[in-house]
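> Provided herewith: coords_22.cif, mmCIF, C-alpha atoms and all ligand atoms.
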```cif
data_run
#
loop_
_atom_site.label_atom_id
_atom_site.label_comp_id
_atom_site.auth_asym_id
_atom_site.auth_seq_id
_atom_site.Cartn_x
_atom_site.Cartn_y
_atom_site.Cartn_z
CA MET A 214 43.34 113.06 97.61
CA SER A 215 44.18 114.87 100.80
CA PHE A 216 41.74 116.59 103.08
CA PHE A 217 44.39 119.08 104.02
CA GLY A 218 44.15 120.72 100.62
CA PRO A 219 46.79 121.04 97.96
CA PRO A 220 50.27 121.90 99.25
CA SER A 221 50.28 125.07 97.19
CA SER A 222 47.05 126.36 98.73
CA PRO A 223 47.39 130.04 99.52
CA SER A 224 47.97 130.90 103.15
CA TYR A 225 46.08 134.17 103.07
CA ASN A 226 42.70 134.53 104.66
CA LYS A 227 40.36 134.02 101.73
CA LYS A 228 37.31 135.39 103.54
CA LYS A 229 39.10 138.61 104.29
CA TYR A 230 39.60 139.26 100.59
CA GLU A 231 36.33 137.90 99.33
CA HIS A 232 34.91 141.38 98.93
CA LEU A 233 36.46 144.42 97.37
CA THR A 234 36.27 146.61 100.44
CA LEU A 235 36.95 150.32 100.64
CA ALA A 236 40.18 149.61 102.51
CA ILE A 237 41.41 147.35 99.71
CA ARG A 238 40.45 149.91 97.08
CA GLN A 239 42.34 152.58 98.94
CA THR A 240 45.41 150.39 99.22
CA VAL A 241 45.39 149.72 95.49
CA LEU A 242 44.77 153.37 94.62
CA GLU A 243 47.56 154.56 96.89
CA ARG A 244 49.94 152.08 95.33
CA ALA A 245 48.88 153.29 91.88
CA HIS A 246 49.30 156.93 93.00
CA ASN A 247 45.65 157.48 92.17
CA ARG A 248 46.34 156.94 88.50
CA CYS A 249 45.36 154.37 85.92
CA GLN A 250 48.05 151.70 85.90
CA LYS A 251 47.86 151.47 82.12
CA CYS A 252 47.55 154.95 80.70
CA SER A 253 48.39 156.95 83.87
CA VAL A 254 45.31 159.14 83.69
CA LYS A 255 44.52 160.62 87.08
CA PHE A 256 41.37 159.34 88.73
CA SER A 257 38.64 161.82 89.54
CA PRO A 258 34.88 161.77 90.04
CA ARG A 259 34.71 161.99 86.25
CA THR A 260 37.21 159.18 85.84
CA PRO A 261 36.38 156.74 88.59
CA PRO A 262 38.76 153.84 89.08
CA GLN A 263 37.85 150.33 88.03
CA PHE A 264 39.53 147.28 89.44
CA GLU A 265 40.90 144.49 87.32
CA HIS A 266 41.48 141.08 88.88
CA ILE A 267 44.86 140.05 87.57
CA ASN A 268 44.38 136.32 88.05
CA GLY A 269 40.79 136.50 86.87
CA SER A 270 39.33 135.42 90.21
CA LEU A 271 36.68 137.88 91.36
CA LYS A 272 36.93 136.48 94.87
CA ASP A 273 40.62 137.18 95.14
CA ASN A 274 40.63 140.82 96.15
CA ARG A 275 44.11 140.97 97.58
CA PRO A 276 45.74 144.25 96.56
CA VAL A 277 48.42 142.25 94.70
CA ASN A 278 45.69 140.79 92.55
CA LEU A 279 44.20 144.14 91.63
CA HIS A 280 45.01 146.74 89.01
CA ALA A 281 43.47 150.19 89.23
CA LEU A 282 42.33 151.18 85.75
CA CYS A 283 40.33 153.95 84.17
CA SER A 284 37.07 152.86 82.59
CA GLU A 285 38.59 152.99 79.08
CA CYS A 286 41.46 150.66 79.95
CA PHE A 287 39.14 148.51 81.99
CA LYS A 288 36.91 148.06 78.96
CA SER A 289 39.75 146.71 76.88
CA VAL A 290 40.80 144.39 79.69
CA GLU A 291 37.24 143.23 80.09
CA ASN A 292 36.98 142.47 76.40
CA LYS A 293 40.22 140.55 76.52
CA GLU A 294 38.92 138.52 79.43
CA LYS A 295 35.78 137.71 77.50
CA ASN A 296 37.80 136.59 74.51
CA LYS A 297 40.03 134.46 76.72
CA LYS A 298 37.03 132.76 78.21
CA GLY A 299 35.60 132.16 74.78
CA ILE A 300 38.75 130.43 73.59
CA PHE A 301 40.10 128.87 76.76
CA GLY A 302 36.98 128.58 78.86
CA ARG A 303 36.46 124.91 78.20
CA MET A 304 40.12 124.12 78.47
CA ARG A 305 40.33 125.88 81.81
CA ASN A 306 37.43 123.81 83.10
CA ILE A 307 39.27 120.63 82.24
CA VAL A 308 42.57 121.75 83.73
CA GLY A 309 40.84 123.10 86.82
ZN ZN A 401 43.66 154.04 81.57
#
```
Give the structure from this file in structure tokens form.
Ligand SMILES: [Zn+2]

Amino acid sequence: MSFFGPPSSPSYNKKKYEHLTLAIRQTVLERAHNRCQKCSVKFSPRTPPQFEHINGSLKDNRPVNLHALCSECFKSVENKEKNKKGIFGRMRNIVG
């Protein structure tokens, strides 16, 4: 074991992306052209954007790790995530 961390440890500032800040949201929304990245519906006060964490880590709020989704698409993603955890949750704990 090394105290310098694994060689593949990410070089980004983890603290900086620990919270989904307004600036990060704006970056993601701009990149998505203010549309859902699944069904392309335009976001509005009636269709507020939801943010999916691509790698599943809620503390990894880098824009590259985020998808802007409408609530409908987010629901399906959320359900998928739940299913994944149900099936692979234990396995993931073993693998790390
Ligand atoms: Zn959508």
> Counting all atoms listed in the file, what residues are within 9 Å of ligand ZN 401 (chain A), given as a list of chain:residue names?
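Checked against 9 Å with all atoms listed in the file; the hits are A:Arg248, A:Cys249, A:Gln250, A:Lys251, A:Cys252, A:Ser253, A:Val254, A:Lys255, A:Pro262, A:Ala281, A:Leu282, A:Cys283, A:Ser284, A:Glu285, A:Cys286, A:Phe287.
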> Give me the residues within 8 Å of range 224-239 of chain A as a PyMOL selection string, counting all atoms listed in the file and dropping any in the same chain fewer than 2 places off.
chain A and resi 222+241-243+271-276
> Can I get the selected residues back with C-alpha atoms, as a JSON list (two decimals), in the frame of the given file?

```json
[["chain", "number", "residue", "atom", "x", "y", "z"],
["A", 222, "SER", "CA", 47.05, 126.36, 98.73],
["A", 241, "VAL", "CA", 45.39, 149.72, 95.49],
["A", 242, "LEU", "CA", 44.77, 153.37, 94.62],
["A", 243, "GLU", "CA", 47.56, 154.56, 96.89],
["A", 271, "LEU", "CA", 36.68, 137.88, 91.36],
["A", 272, "LYS", "CA", 36.93, 136.48, 94.87],
["A", 273, "ASP", "CA", 40.62, 137.18, 95.14],
["A", 274, "ASN", "CA", 40.63, 140.82, 96.15],
["A", 275, "ARG", "CA", 44.11, 140.97, 97.58],
["A", 276, "PRO", "CA", 45.74, 144.25, 96.56]]
```
> To one decimal place in Å, what is the distance between CA of Asn247 in chain A and CA of Arg259 in chain A?
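Distance between the two atoms: 13.2 Å.
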> Just checking: using all atoms listed in the file, which residue out of A:Ala245, A:Glu291, A:Thr240, A:Asn296 ends up closest to His266 in chain A?
A:Glu291
> How many Å lie between CA of Pro261 in chain A and CA of Leu279 in chain A, rounded to one decimal?
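Atom-to-atom, CA of Pro261 in chain A and CA of Leu279 in chain A are spaced 15.1 Å apart.
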> Please rebuild range 251-278 of chain A with N, CA and C atoms and return the result as a compact mmCIF listing (two decimals), keeping the file's coordinate frame.

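The result, written out as selection01.txt:
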```
# COMPACT_ATOMS: atom_id res chain seq x y z
N LYS A 251 47.53 151.70 83.52
CA LYS A 251 47.86 151.47 82.12
C LYS A 251 48.22 152.75 81.41
N CYS A 252 47.32 153.73 81.48
CA CYS A 252 47.55 154.95 80.70
C CYS A 252 47.89 156.14 81.59
N SER A 253 47.94 155.92 82.92
CA SER A 253 48.39 156.95 83.87
C SER A 253 47.47 158.16 83.99
N VAL A 254 46.26 158.04 83.50
CA VAL A 254 45.31 159.14 83.69
C VAL A 254 44.97 159.22 85.17
N LYS A 255 44.82 160.45 85.65
CA LYS A 255 44.52 160.62 87.08
C LYS A 255 43.04 160.35 87.33
N PHE A 256 42.77 159.61 88.40
CA PHE A 256 41.37 159.34 88.73
C PHE A 256 40.72 160.57 89.32
N SER A 257 39.43 160.71 89.04
CA SER A 257 38.64 161.82 89.54
C SER A 257 37.19 161.35 89.55
N PRO A 258 36.30 162.17 90.11
CA PRO A 258 34.88 161.77 90.04
C PRO A 258 34.43 161.52 88.60
N ARG A 259 35.06 162.20 87.65
CA ARG A 259 34.71 161.99 86.25
C ARG A 259 35.36 160.74 85.67
N THR A 260 36.48 160.37 86.27
CA THR A 260 37.21 159.18 85.84
C THR A 260 37.36 158.24 87.04
N PRO A 261 36.30 157.60 87.40
CA PRO A 261 36.38 156.74 88.59
C PRO A 261 37.20 155.49 88.30
N PRO A 262 37.94 155.03 89.28
CA PRO A 262 38.76 153.84 89.08
C PRO A 262 37.94 152.57 88.97
N GLN A 263 38.42 151.67 88.14
CA GLN A 263 37.85 150.33 88.03
C GLN A 263 38.93 149.37 88.46
N PHE A 264 38.52 148.21 88.93
CA PHE A 264 39.53 147.28 89.44
C PHE A 264 39.54 145.99 88.64
N GLU A 265 40.72 145.71 88.09
CA GLU A 265 40.90 144.49 87.32
C GLU A 265 41.47 143.40 88.23
N HIS A 266 40.92 142.21 88.13
CA HIS A 266 41.48 141.08 88.88
C HIS A 266 42.52 140.40 88.01
N ILE A 267 43.77 140.51 88.42
CA ILE A 267 44.86 140.05 87.57
C ILE A 267 44.75 138.55 87.28
N ASN A 268 44.45 137.77 88.28
CA ASN A 268 44.38 136.32 88.05
C ASN A 268 42.99 135.86 87.60
N GLY A 269 42.11 136.83 87.40
CA GLY A 269 40.79 136.50 86.87
C GLY A 269 39.79 136.04 87.91
N SER A 270 40.24 135.87 89.16
CA SER A 270 39.33 135.42 90.21
C SER A 270 38.69 136.62 90.91
N LEU A 271 37.37 136.74 90.77
CA LEU A 271 36.68 137.88 91.36
C LEU A 271 36.62 137.79 92.88
N LYS A 272 36.96 136.63 93.41
CA LYS A 272 36.93 136.48 94.87
C LYS A 272 38.30 136.65 95.49
N ASP A 273 39.27 136.95 94.65
CA ASP A 273 40.62 137.18 95.14
C ASP A 273 40.89 138.68 95.07
N ASN A 274 40.51 139.36 96.14
CA ASN A 274 40.63 140.82 96.15
C ASN A 274 41.83 141.31 96.92
N ARG A 275 42.88 140.48 96.97
CA ARG A 275 44.11 140.97 97.58
C ARG A 275 44.65 142.11 96.73
N PRO A 276 45.20 143.13 97.36
CA PRO A 276 45.74 144.25 96.56
C PRO A 276 46.72 143.78 95.48
N VAL A 277 47.48 142.72 95.72
CA VAL A 277 48.42 142.25 94.70
C VAL A 277 47.70 141.69 93.48
N ASN A 278 46.44 141.35 93.67
CA ASN A 278 45.69 140.79 92.55
C ASN A 278 44.86 141.84 91.82
```
